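Listing of final38.cif; format and content: mmCIF, C-alpha atoms.
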```
data_structure
#
loop_
_atom_site.label_atom_id
_atom_site.label_comp_id
_atom_site.auth_asym_id
_atom_site.auth_seq_id
_atom_site.Cartn_x
_atom_site.Cartn_y
_atom_site.Cartn_z
CA MET A 1 34.21 -6.26 -16.20
CA GLU A 2 35.39 -3.48 -13.94
CA TYR A 3 37.57 -4.05 -10.89
CA LEU A 4 36.46 -2.57 -7.60
CA GLU A 5 38.32 -0.94 -4.75
CA LYS A 6 38.20 -2.74 -1.42
CA HIS A 7 35.56 -1.64 1.05
CA SER A 8 33.34 -3.08 3.77
CA THR A 9 31.08 -5.05 1.40
CA GLU A 10 31.19 -8.80 1.96
CA MET A 11 33.41 -10.72 -0.47
CA HIS A 12 32.49 -14.20 -1.75
CA LYS A 13 34.99 -16.55 -3.43
CA ILE A 14 33.70 -18.45 -6.46
CA LEU A 15 35.91 -21.17 -7.93
CA PHE A 16 35.73 -22.24 -11.59
CA THR A 17 37.66 -25.43 -12.16
CA GLY A 18 37.87 -28.46 -14.44
CA LEU A 19 40.17 -29.72 -17.18
CA ASP A 20 41.72 -27.53 -19.87
CA THR A 21 39.43 -27.01 -22.90
CA ALA A 22 36.35 -27.83 -20.78
CA GLY A 23 35.06 -24.32 -21.53
CA LYS A 24 35.47 -22.44 -18.21
CA SER A 25 36.91 -19.27 -19.71
CA SER A 26 34.44 -19.35 -22.62
CA ILE A 27 31.58 -19.29 -20.12
CA ILE A 28 33.09 -16.24 -18.42
CA TYR A 29 33.64 -14.45 -21.74
CA ALA A 30 30.05 -15.22 -22.75
CA LEU A 31 28.74 -13.63 -19.55
CA LYS A 32 30.87 -10.58 -20.30
CA ARG A 33 29.45 -10.67 -23.85
CA GLU A 34 32.98 -10.64 -25.26
CA PHE A 35 32.16 -13.16 -27.96
CA SER A 36 35.08 -12.14 -30.20
CA GLN A 37 37.45 -13.31 -27.45
CA ILE A 38 35.96 -16.81 -27.52
CA ILE A 39 36.97 -17.40 -31.15
CA ASN A 40 40.70 -17.04 -30.46
CA ILE A 41 40.68 -18.24 -26.87
CA GLU A 42 43.74 -20.03 -25.54
CA PRO A 43 44.00 -22.22 -22.43
CA THR A 44 44.16 -20.15 -19.23
CA LYS A 45 47.71 -19.93 -17.92
CA GLY A 46 47.61 -20.45 -14.17
CA ILE A 47 44.71 -18.58 -12.64
CA SER A 48 42.62 -15.66 -13.81
CA ARG A 49 40.96 -13.60 -11.09
CA ARG A 50 38.46 -10.77 -11.18
CA ILE A 51 36.19 -9.00 -8.74
CA TYR A 52 32.73 -7.72 -9.56
CA ARG A 53 29.60 -6.63 -7.76
CA LEU A 54 26.37 -8.59 -7.44
CA LEU A 55 23.75 -6.28 -5.92
CA ASP A 56 25.38 -5.31 -2.59
CA ASN A 57 27.95 -8.13 -2.54
CA GLU A 58 31.34 -8.54 -4.18
CA ILE A 59 32.24 -11.71 -6.03
CA SER A 60 35.87 -12.83 -6.18
CA GLU A 61 35.95 -15.17 -9.16
CA TRP A 62 38.86 -17.57 -9.59
CA ASP A 63 39.22 -19.29 -12.97
CA LEU A 64 41.77 -22.08 -12.53
CA GLY A 65 43.54 -23.09 -15.73
CA GLY A 66 43.05 -26.80 -16.28
CA GLN A 67 46.31 -27.90 -17.86
CA GLU A 68 47.96 -30.76 -15.99
CA LYS A 69 50.98 -28.78 -14.78
CA TYR A 70 48.69 -26.21 -13.19
CA ARG A 71 46.41 -28.82 -11.66
CA ILE A 72 49.42 -30.40 -9.96
CA SER A 73 50.39 -27.00 -8.57
CA TYR A 74 46.89 -26.34 -7.19
CA LEU A 75 46.73 -29.71 -5.47
CA LYS A 76 50.15 -29.15 -3.89
CA ASN A 77 49.10 -25.73 -2.57
CA PRO A 78 45.44 -26.10 -1.54
CA ASN A 79 45.62 -23.25 1.01
CA VAL A 80 46.43 -20.82 -1.81
CA TYR A 81 43.90 -21.96 -4.39
CA PHE A 82 41.03 -23.80 -2.71
CA ASP A 83 40.74 -22.33 0.77
CA GLY A 84 37.91 -19.87 1.28
CA THR A 85 35.82 -21.23 -1.60
CA GLU A 86 32.13 -20.60 -0.95
CA VAL A 87 30.81 -21.91 -4.26
CA ALA A 88 32.57 -24.36 -6.60
CA ILE A 89 31.72 -24.60 -10.30
CA TYR A 90 33.12 -27.69 -11.98
CA VAL A 91 32.92 -27.73 -15.80
CA ILE A 92 32.89 -30.96 -17.81
CA ASP A 93 33.07 -31.15 -21.61
CA VAL A 94 30.38 -33.76 -22.31
CA LEU A 95 31.55 -34.16 -25.91
CA ASN A 96 35.10 -35.18 -24.99
CA ASN A 97 34.53 -38.82 -24.03
CA ALA A 98 38.26 -39.53 -24.13
CA ARG A 99 38.84 -37.32 -21.07
CA ILE A 100 35.78 -38.12 -18.97
CA SER A 101 37.72 -40.42 -16.64
CA GLU A 102 40.45 -37.80 -16.24
CA SER A 103 37.85 -35.14 -15.41
CA LEU A 104 36.18 -37.33 -12.79
CA SER A 105 39.56 -38.12 -11.26
CA TYR A 106 40.40 -34.43 -10.95
CA LEU A 107 36.97 -33.69 -9.45
CA LYS A 108 37.74 -36.33 -6.83
CA ASP A 109 41.07 -34.59 -6.10
CA VAL A 110 39.34 -31.22 -5.72
CA LEU A 111 36.77 -32.66 -3.32
CA TYR A 112 39.58 -34.23 -1.29
CA GLN A 113 41.21 -30.80 -0.92
CA PHE A 114 37.94 -29.24 0.25
CA ASN A 115 37.60 -32.02 2.81
CA THR A 116 41.19 -31.51 4.00
CA LEU A 117 40.56 -27.78 4.39
CA LYS A 118 37.32 -28.57 6.26
CA ILE A 119 35.15 -26.56 3.90
CA LYS A 120 31.98 -27.77 2.16
CA PRO A 121 31.08 -25.45 -0.70
CA PRO A 122 28.15 -26.44 -2.92
CA ILE A 123 29.46 -28.27 -5.99
CA ASN A 124 27.80 -27.04 -9.18
CA VAL A 125 28.57 -29.36 -12.09
CA LEU A 126 28.15 -27.85 -15.54
CA PHE A 127 27.69 -30.40 -18.30
CA HIS A 128 29.07 -28.03 -20.90
CA LYS A 129 28.99 -27.92 -24.69
CA CYS A 130 25.39 -29.12 -24.87
CA ASP A 131 25.16 -27.12 -28.09
CA PRO A 132 21.68 -26.91 -29.65
CA ASN A 133 22.78 -28.22 -33.06
CA ILE A 134 24.55 -31.20 -31.49
CA ILE A 135 21.64 -31.92 -29.14
CA ARG A 136 19.33 -32.22 -32.13
CA SER A 137 21.50 -34.89 -33.77
CA LYS A 138 22.88 -36.71 -30.70
CA ALA A 139 20.22 -36.21 -28.04
CA ASN A 140 20.10 -39.81 -26.83
CA GLU A 141 23.88 -40.19 -26.77
CA ILE A 142 24.38 -36.99 -24.75
CA ASP A 143 21.49 -37.81 -22.39
CA ASN A 144 23.06 -41.19 -21.69
CA THR A 145 26.48 -39.64 -21.10
CA ILE A 146 25.06 -37.09 -18.66
CA GLU A 147 22.96 -39.70 -16.86
CA ASP A 148 26.04 -41.89 -16.38
CA LEU A 149 28.18 -38.93 -15.28
CA THR A 150 25.54 -37.84 -12.78
CA LYS A 151 25.51 -41.27 -11.16
CA GLN A 152 29.31 -41.39 -10.94
CA ILE A 153 29.58 -37.88 -9.50
CA LYS A 154 26.93 -38.61 -6.88
CA GLU A 155 29.01 -41.60 -5.82
CA ILE A 156 32.26 -39.59 -5.77
CA ALA A 157 30.72 -36.65 -3.89
CA LYS A 158 28.46 -38.48 -1.46
CA ASN A 159 28.79 -35.91 1.30
CA SER A 160 28.63 -32.79 -0.88
CA GLU A 161 25.74 -30.54 -1.87
CA LEU A 162 25.42 -31.16 -5.60
CA HIS A 163 23.69 -29.25 -8.38
CA PHE A 164 23.74 -30.20 -12.08
CA PHE A 165 23.25 -27.96 -15.13
CA ARG A 166 23.49 -28.16 -18.91
CA THR A 167 25.17 -25.23 -20.65
CA SER A 168 26.37 -24.04 -24.04
CA ILE A 169 27.95 -20.81 -25.25
CA PHE A 170 25.62 -21.10 -28.24
CA ASP A 171 22.69 -20.79 -25.86
CA LEU A 172 23.61 -17.71 -23.84
CA TYR A 173 20.51 -17.95 -21.69
CA SER A 174 21.58 -21.41 -20.49
CA ILE A 175 24.76 -19.84 -19.11
CA MET A 176 23.03 -16.73 -17.76
CA SER A 177 20.33 -18.69 -15.93
CA THR A 178 22.79 -21.26 -14.57
CA ILE A 179 25.35 -18.81 -13.18
CA SER A 180 22.55 -16.58 -11.88
CA GLU A 181 20.96 -19.46 -9.96
CA ILE A 182 24.36 -20.40 -8.53
CA LEU A 183 25.36 -16.90 -7.45
CA LEU A 184 22.01 -15.90 -6.02
CA GLN A 185 22.45 -18.72 -3.49
CA LEU A 186 24.84 -16.28 -1.81
CA TYR A 187 22.35 -13.44 -1.67
CA PRO A 188 19.90 -13.72 1.26
CA LYS A 189 17.61 -11.03 -0.17
CA ALA A 190 17.16 -12.79 -3.52
CA GLN A 191 13.65 -14.02 -2.62
CA LEU A 192 12.58 -10.51 -1.58
CA VAL A 193 13.88 -9.14 -4.88
CA GLN A 194 12.08 -11.87 -6.84
CA LYS A 195 8.82 -11.19 -4.99
CA ALA A 196 9.10 -7.47 -5.78
CA ILE A 197 9.77 -8.23 -9.45
CA LYS A 198 6.70 -10.46 -9.69
CA GLU A 199 4.52 -7.74 -8.12
CA PHE A 200 6.02 -5.16 -10.47
CA ALA A 201 5.37 -7.32 -13.55
CA LYS A 202 1.74 -7.81 -12.58
CA LYS A 203 1.35 -4.09 -11.96
CA LEU A 204 2.63 -3.43 -15.48
CA ASN A 205 0.21 -6.08 -16.78
CA CYS A 206 3.08 -7.50 -18.84
CA GLN A 207 3.51 -11.08 -20.00
CA GLY A 208 7.21 -11.32 -19.16
CA LEU A 209 9.99 -9.44 -17.42
CA LEU A 210 13.73 -10.01 -16.98
CA ILE A 211 16.03 -7.84 -14.90
CA ILE A 212 19.70 -8.42 -15.62
CA ASP A 213 22.81 -6.73 -14.25
CA ASN A 214 25.72 -5.68 -16.45
CA ASN A 215 27.48 -8.99 -15.81
CA SER A 216 24.58 -10.90 -17.44
CA ILE A 217 23.34 -12.13 -14.06
CA ILE A 218 19.56 -12.48 -13.93
CA ILE A 219 18.44 -10.66 -10.78
CA GLY A 220 14.87 -11.83 -11.18
CA SER A 221 12.23 -12.77 -13.71
CA PHE A 222 8.53 -13.24 -14.30
CA PHE A 223 6.80 -15.16 -17.10
CA GLU A 224 3.03 -15.36 -17.46
CA ASN A 225 3.24 -18.26 -19.91
CA ASP A 226 5.69 -20.42 -21.86
CA SER A 227 5.42 -18.26 -24.99
CA ALA A 228 6.53 -15.12 -23.14
CA LYS A 229 9.34 -17.08 -21.47
CA PHE A 230 10.60 -18.42 -24.80
CA LEU A 231 10.46 -15.03 -26.53
CA LEU A 232 12.30 -13.19 -23.75
CA GLN A 233 14.92 -15.89 -23.34
CA GLU A 234 15.61 -16.00 -27.06
CA SER A 235 15.69 -12.22 -27.55
CA ILE A 236 17.68 -11.07 -24.52
CA GLN A 237 21.09 -11.81 -26.06
CA TYR A 238 20.30 -9.62 -29.06
CA PHE A 239 19.05 -6.71 -26.95
CA LEU A 240 22.14 -6.86 -24.72
CA THR A 241 24.46 -7.03 -27.74
CA LEU A 242 22.70 -4.14 -29.49
CA ASN A 243 22.88 -2.07 -26.31
CA ASP A 244 26.62 -2.83 -26.03
CA CYS A 245 27.10 -1.64 -29.63
CA PHE A 246 25.42 1.69 -28.87
CA LEU A 247 27.64 2.11 -25.80
CA LYS A 248 30.79 1.47 -27.87
CA LEU A 249 29.66 4.20 -30.23
CA GLY A 250 29.07 6.53 -27.30
CA LYS A 251 25.36 6.57 -28.13
CA SER A 252 23.75 6.32 -24.73
CA ASP A 253 21.40 8.48 -22.75
CA GLU A 254 19.44 8.14 -19.52
CA ASP A 255 16.19 7.99 -21.49
CA ASP A 256 17.44 5.53 -24.10
CA GLN A 257 15.42 2.42 -24.71
CA ILE A 258 15.00 -0.17 -27.43
CA LEU A 259 11.44 -0.82 -28.53
CA ALA A 260 10.33 -3.48 -31.00
CA GLN A 261 6.95 -4.80 -32.07
CA LYS A 262 6.35 -8.33 -33.37
CA LEU A 263 3.69 -11.06 -33.19
CA GLY A 264 1.25 -8.79 -31.39
CA TYR A 265 3.79 -8.00 -28.64
CA HIS A 266 5.85 -5.00 -27.69
CA PHE A 267 9.41 -5.69 -26.55
CA LEU A 268 10.92 -2.98 -24.37
CA PHE A 269 14.58 -2.99 -23.35
CA LYS A 270 15.75 -0.24 -21.02
CA SER A 271 18.88 0.30 -18.91
CA ILE A 272 18.63 1.90 -15.46
CA LEU A 273 21.20 3.10 -12.93
CA LEU A 274 20.43 2.29 -9.31
CA LYS A 275 23.30 4.47 -8.15
CA GLU A 276 25.45 7.10 -9.86
CA GLY A 277 28.75 5.57 -10.91
CA ASP A 278 27.52 1.95 -10.72
CA SER A 279 26.97 -0.33 -13.70
CA PRO A 280 23.45 -0.34 -15.16
CA TYR A 281 20.68 -2.88 -14.74
CA HIS A 282 18.77 -3.92 -17.84
CA PHE A 283 14.98 -4.32 -17.95
CA SER A 284 13.58 -6.52 -20.72
CA ILE A 285 9.78 -6.48 -20.91
CA ILE A 286 7.32 -8.23 -23.20
CA LYS A 287 3.81 -6.87 -23.29
CA GLU A 288 0.80 -7.45 -25.49
CA HIS A 289 0.41 -4.67 -28.02
CA ASN A 290 -1.25 -1.66 -26.45
CA PRO A 291 0.58 1.56 -27.39
CA TYR A 292 -1.33 3.66 -24.85
CA GLU A 293 0.04 1.68 -21.90
CA LEU A 294 3.68 2.13 -23.00
CA TYR A 295 3.61 5.78 -21.99
CA PHE A 296 3.19 4.82 -18.34
CA ILE A 297 5.98 2.24 -18.16
CA LYS A 298 8.84 4.73 -17.69
CA ASN A 299 7.35 6.17 -14.47
CA GLU A 300 6.48 2.72 -13.19
CA ILE A 301 10.05 1.53 -13.75
CA GLN A 302 11.42 4.47 -11.79
CA THR A 303 9.06 3.69 -8.91
CA PHE A 304 10.20 0.08 -8.95
CA VAL A 305 13.88 1.11 -9.01
CA GLU A 306 13.32 3.03 -5.78
CA ARG A 307 11.70 -0.09 -4.29
CA LEU A 308 14.66 -2.22 -5.40
CA ILE A 309 17.16 0.21 -3.88
CA ASP A 310 15.21 0.06 -0.62
CA ILE A 311 15.39 -3.76 -0.54
CA ILE A 312 19.13 -3.81 -1.28
CA LYS A 313 19.95 -1.22 1.38
CA ARG A 314 18.03 -2.94 4.20
#
```
Once you've parsed the file, please lay out its structure as structure tokens.
Amino acid sequence: MEYLEKHSTEMHKILFTGLDTAGKSSIIYALKREFSQIINIEPTKGISRRIYRLLDNEISEWDLGGQEKYRISYLKNPNVYFDGTEVAIYVIDVLNNARISESLSYLKDVLYQFNTLKIKPPINVLFHKCDPNIIRSKANEIDNTIEDLTKQIKEIAKNSELHFFRTSIFDLYSIMSTISEILLQLYPKAQLVQKAIKEFAKKLNCQGLLIIDNNSIIIGSFFENDSAKFLLQESIQYFLTLNDCFLKLGKSDEDDQILAQKLGYHFLFKSILLKEGDSPYHFSIIKEHNPYELYFIKNEIQTFVERLIDIIKR
């Protein structure tokens, strides 16, 4: 993810924290679609920081390594690590029962530091490693673990704004949708963008539409029914990965698009630049098979892009 030069755009601090091996860095690598990095990932040493753009805002993301020696350092220097946090993301490995108590204890310490600093960021708890294959075999056990954790966290964080999510790197959409929902809390125009996307989808007469930025953040979506939602959610990872492969090969063009036909639907994936020099936005559209209508989509997308630029610049 590219680093940006400082300018007048508002900066928002996002804090990823939790114990070592909880999966914080894996979540970040998944959003960057750097899946090869996840295989050989090592615990984060200290903190890892990066800055990226979300629409017309800049996100300063702090990934705090969770090893005990680092946690002690953070708690001793809260002004350095915790101050200025606008959104906190706390990751818990729900499969590691042996460290649940340790994780809850550290969460309590983090909340104490926020209270000392007189800041009250929303606390977004990710019950991580809810992998699909494990869910199928241990659904009741994991549900019970999460239910118990939720009760304990609500007791620990009585005065905090809490949000709970289930995530897995083996379900990329679970991570994309979770982090998108969290980050778009910071963006006051998110509802305007979503409304425009819904109107655009209906104008195209399509069954589903996802618009995703290059950081895998879902800017907005529309689904006419559960089938369209399932198909787009399941296919988006593959379209993004295929598009990344073409880019690595230097095979990209302004008019490039990926088009597939299956089950009576057309799937259209197209990347668009809102501004020269910026990272692209990716449109993923599912539409009932009608080849004649596909010829009009390109012009409609360009019209919508101009509408989106207008909303962002207001």
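Minimum atom-to-atom distance to Glu155 of chain A, evaluated using only C-alpha atoms, belongs to A:Lys108 out of A:Lys195, A:Arg33, A:Lys108, A:Lys298.
Atom CA of Leu31 of chain A lies 13.7 Å from atom CA of Glu181 of chain A.
Counting all atoms listed in the file, the residue from A:Ile51, A:Ala30, A:Leu210, A:Ala260 that sits nearest to His12 of chain A is A:Ile51.
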Problem set entry | Chain and number of each residue from the PyMOL selection byres ((chain A and resi 110) around 12), as a PyMOL selection string | chain A and resi 15-19+64+71-72+74-78+81-83+85+88-90+103-109+111-117+119-121+123+156-157+160
For this session: Let me know the residues the PyMOL selection byres ((chain A and resi 199-208) around 12) catches in the file above, as a PyMOL selection string.
Result: chain A and resi 192-198+209-211+220-233+235-236+264-269+283-290+293-308
Exercise. Written as a PyMOL selection string, what is the full residue list that the PyMOL selection byres ((chain A and resi 169) around 10) yields on the file shown?
Worked result: chain A and resi 23+26-31+35+38+128-132+167-168+170-176
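The nearest approach to Glu147 of chain A among the residues A:Leu183, A:Phe127, A:Lys69, A:Leu162, with all atoms listed in the file taken into account, belongs to A:Phe127.
Between atom CA of Gly66 of chain A and atom CA of Lys45 of chain A there is a distance of 8.5 Å.
Going from atom CA of Asp93 of chain A over to atom CA of Ile212 of chain A, you cover 27.0 Å.
Comparing A:Ala98, A:Leu263, A:Ile134, A:Leu149 by their smallest distance to Phe164 of chain A, the closest is A:Leu149 (using only C-alpha atoms).
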As lines of an AutoDock Vina configuration file, please report the centre and edge lengths, rounded to one decimal in Å, of the axis-aligned box that holds all listed atoms of segment 259-269 of chain A with 5 Å of padding on each of the six sides.
```
center_x = 7.9
center_y = -5.9
center_z = -28.4
size_x = 23.3
size_y = 20.2
size_z = 20.0
```
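For Tyr281 of chain A, the list of residues within 8 Å, based on only C-alpha atoms and with local chain neighbours fewer than 5 positions off taken out, reads Ile211, Ile212, Asp213, Asn214, Ser271, Ile272, Leu273 and Leu274 of chain A.
Of the residues listed (A:Leu184, A:Ala190, A:Leu95, A:Leu54), A:Leu95 shows the shortest atom-to-atom separation from Asn144 of chain A; distances use all atoms listed in the file.
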